[in-house]
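This report concerns only the one structure given below.
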Amino acid sequence: MDRLLPACLMLGLLSFPAPAAEIRIEPRIGFHGVFQLGRPFPVAVTLESVGAPADGVLEIEVWKRGAVQGGAPYPMRYRRDVFLTARSRRTVQFTVEPDLLSRPLGIRFTSAAASASREVDLRRHFSPAPVILSVGEGGAVPLAALTASFTNRIVALGLAELPPEARALSGVSHLVLYDQSLRELSRVQLLALDAWLAAGGRMVVIGSLNFKLYQEPQLERYLPVRVTGVGRTTFAPEGGAGASAAVAGAWVQSATVLRGRVLARAQGMPVLVESDWGRGKVVYLALDAGRPPLAAWSGLPRLVQGLLAPYGEDNPVPRPQWNEAVFSRLLLDPWFVASYIPTRALFFAILGYLAVLVALVRLWQRRRIAWPALAAASCGWALCAAVGGHLYFGRGGGKPDGVLIEATVMDHAGDGYVEAQTGLALFSTQPRELSLGFGHGWLELMLLAAPGPAHDDRSVAYRHDGGVTRVQVPVPAWGYRLLRARAMERMGVSTEIEQRDGQVLLTVRNQGAADLADCHVAAPGVDARLGDLPRGASWTKRVAPGAEIAGNARDPAPGTDAILPRGLAFRERAHDILFHDSFFPRDATGAAWRGRAAVFFCWIGNPRSRVEPGDPGILVRAHALYRAIVALPVPEEE
């Protein structure tokens, strides 16, 4: 009896049904519910399993296009594989970019064990202006007085809430750090901050009494100074209402300037320093604005508002054109046709077939074979040629099933950074769904409008796993899809262009991994071919006005001074098409193309591919151009 009772209890437990799986979804939109309209923003989805384990797919659906962008709206899906153990919680990060807010954002988790869904109305969360993020141990103390007077939404958040993707920070104008250590930031978060800064972000670092935090390597790498200690000073701001009275006894960090520009000093010490980080800036305020007496100063809101003032790009870089017209020229060019049609093999096959027929006819004319033998040999040869041609050319004739073209312009952004603007054209001879893989650091990935009803936009999806984002794109037989991507990366090429004594002084250092070919420099009255610059080499050249290549015709618009040559020819036919139709389009009217500006450009030898097609039957052809556009001073400033 003693043994029978435990056995019965165990049998009863085993026969009792296991709890069914149940999934709960908790979304967090943007930065504490705020995001800038028209820019990518983060979405954190927390899944909670209240029962058995579940292995499924988490999907977010947003709506793209619409009447403003042209065409009918269609859903874009972001997917990720998720495994939930029994009675567990897991948070998954996404970065989404909808075009329509009138339709809700849909969240679905689908698995064999359980499914769940939820919809979120985005109209309650958007802001028309960029968002300002404030990160600090004591909260947004220096920004508390600006909440009512500042037009931008100011959001205070913890360090762990910073997104791991640079795209998610596209709608953020300023990031304010106060009394904050960055030791808890992960590597992917630091890489995202670097890319966001290099793309034009602004980081404002406000000093505090805890100066040891500002000596940590994670934060020190951003600072334009080396913090050595802390003390008191008398701060007397210059100009502006409410700035006449000096603030005595203000806490200030003592620091040594390493780089950048000193904008303000107090008793000989630098208190406001600004430095460049790619196209972005890092602003360091040595004063402790979160503690008295500066925290109680009436001029503090004006001071902080000056640090967070809206900015505009002084010399915006023109975007290369990438559309159906550009790709059509590439598609019809003989060099591209030869990449997916075995024209050479077909030519020699036809030549061999005719040669055998001619040989048989010559033998019959010389009466070495009879007429019946000629007919039988001709029919046999035709049959063998047809079977062999079907087996060879039916499998592609040694050619790939499709071609992926990458056309990248790498714009000099300063501090060793380049902005890589990539046009992608995916051409396929077979109907298929291709998966394109992108790595870290990209800021924009956009699928351009499909050229016809044969393309199914509704099946396009983004899948992010293992640090790699893959875009699943359906392509019909003998059809193509166009995409555009943008990323910030380091290249190892530095370019400096100045105008001295009426001449253009060019300094180029190639410390990258590739050679630079067909280099040119163009400026008002200057058009010089400089040749090739191998890796590890450098140039320092003076180019005088009138240094122009014969035959490089210009086509300036009326009343303007065009600086770009239009008669350039390159070694590859594809380079000619991309240069004149995409990278330097003929109808460009931006100030960077004309007037007081200098342009230096080179083709990158054997550029690496930035996209992995995930199919060995796709041939990748990559072309990349490095360019640096520098505004020259007007004659009155020289």
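Order determines the names: the first chain of the structure tokens is A, the second B, and so forth; residues in each chain are numbered 1 upward, and ligands are numbered 1 upward as they are shown.
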
Next item on the list: Any chance you could list, as a PyMOL selection string, the residues in region 79-280 of chain A that come up strand (DSSP E or B) when DSSP is run on the backbone?
Entry: chain A and resi 79-84+89-96+105-111+115-120+126-127+131-136+153-156+172-178+202-206+225-235+247-257+261-266+269-277+280

Next item on the list: Using DSSP on the backbone coordinates, identify the residues of region 106-221 of chain A assigned to alpha helix (DSSP H); present them as a PyMOL selection string.
Entry: chain A and resi 187-198+217-220

Notebook entry, point to check: Suppose you want the space between CA of Met269 (chain A) and CA of Lys281 (chain A); what is it in Å?
Noted result: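 Calculated distance between CA of Met269 (chain A) and CA of Lys281 (chain A) is 21.0 Å.
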
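Taking only C-alpha atoms, the non-local environment of Trp364 (chain A) within 12 Å (same-chain residues fewer than 5 positions away omitted) comprises Leu357, Val358, Ala359, Ile369, Ala370, Trp371, Pro372, Ala373, Leu374, Ala375, Ala377 and Ser378 of chain A.
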
For the residues in that selection, give me C-alpha atoms as an mmCIF file, in the first residue's frame.
```cif
data_model
loop_
_atom_site.group_PDB
_atom_site.id
_atom_site.type_symbol
_atom_site.label_atom_id
_atom_site.label_comp_id
_atom_site.auth_asym_id
_atom_site.auth_seq_id
_atom_site.Cartn_x
_atom_site.Cartn_y
_atom_site.Cartn_z
ATOM 1 C CA LEU A 357 27.510 21.672 -92.292
ATOM 2 C CA VAL A 358 29.846 23.397 -94.749
ATOM 3 C CA ALA A 359 32.365 20.558 -94.381
ATOM 4 C CA ILE A 369 30.050 10.788 -99.786
ATOM 5 C CA ALA A 370 26.759 9.933 -101.412
ATOM 6 C CA TRP A 371 23.566 11.948 -101.187
ATOM 7 C CA PRO A 372 21.847 9.567 -98.708
ATOM 8 C CA ALA A 373 24.925 9.683 -96.481
ATOM 9 C CA LEU A 374 24.938 13.507 -96.613
ATOM 10 C CA ALA A 375 21.272 13.674 -95.601
ATOM 11 C CA ALA A 377 24.889 13.019 -91.483
ATOM 12 C CA SER A 378 23.185 16.422 -91.647
#
```

Check: For Asp81 (chain A), which of A:Phe235, A:Trp478, A:Phe109, A:Trp442 is the closest residue, counting only C-alpha atoms?
Finding: A:Phe109

Item checked: Computed interatomic separation between CA of Ser254 (chain A) and CA of Leu285 (chain A) (Å) ->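 Pair CA of Ser254 (chain A) / CA of Leu285 (chain A) returns 11.0 Å.
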
Note to self: List the spatial neighbours of Ala44 (chain A) as number ranges by chain - criterion: any atom at most 9 Å away, only C-alpha atoms, same-chain residues fewer than 3 positions off excluded.
What the structure shows: A: 26-30, 91-95

Dump as an mmCIF file, in the first residue's frame, selection limited to C-alpha atoms:
```
data_model
loop_
_atom_site.group_PDB
_atom_site.id
_atom_site.type_symbol
_atom_site.label_atom_id
_atom_site.label_comp_id
_atom_site.auth_asym_id
_atom_site.auth_seq_id
_atom_site.Cartn_x
_atom_site.Cartn_y
_atom_site.Cartn_z
ATOM 1 C CA GLU A 26 3.522 44.607 -24.592
ATOM 2 C CA PRO A 27 4.841 47.150 -27.167
ATOM 3 C CA ARG A 28 6.899 50.287 -26.476
ATOM 4 C CA ILE A 29 6.807 52.845 -29.271
ATOM 5 C CA GLY A 30 9.693 55.215 -29.965
ATOM 6 C CA THR A 91 12.082 41.821 -25.326
ATOM 7 C CA VAL A 92 12.801 42.122 -29.054
ATOM 8 C CA GLN A 93 14.012 45.365 -30.678
ATOM 9 C CA PHE A 94 12.849 46.549 -34.113
ATOM 10 C CA THR A 95 13.406 49.680 -36.180
#
```

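One finds CA of Val473 (chain A) at 5.5 Å from CA of Glu433 (chain A).
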
Next item on the list: Measuring atom to atom with only C-alpha atoms, identify which of A:Ala255, A:Ala622, A:Ala407, A:Leu272 is nearest to Val205 (chain A).
Entry: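 Ranked by minimum distance to Val205 (chain A), first place goes to A:Leu272.
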
Note to self: When you count only C-alpha atoms, which of these residues is closest to Gln472 (chain A): A:Lys541, A:Arg432, A:Arg319, A:His440?
What the structure shows: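 Using only C-alpha atoms, Gln472 (chain A) sits closest to A:Arg432.
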
Margin query: I'd like the contact shell of Arg124 (chain A) - 10 Å cut-off, only C-alpha atoms, skipping same-chain residues fewer than 6 positions apart - returned as an NGL selection string.
Written below: :A and (33-34 or 101)

Item checked: Test item: residues at most 8 Å from region 597-611 of chain A, only C-alpha atoms, excluding those fewer than 3 positions along its chain, as an MDAnalysis selection string -> chainID A and resid 406 436:439 497 514:524 563:564 592:594 620 622:632
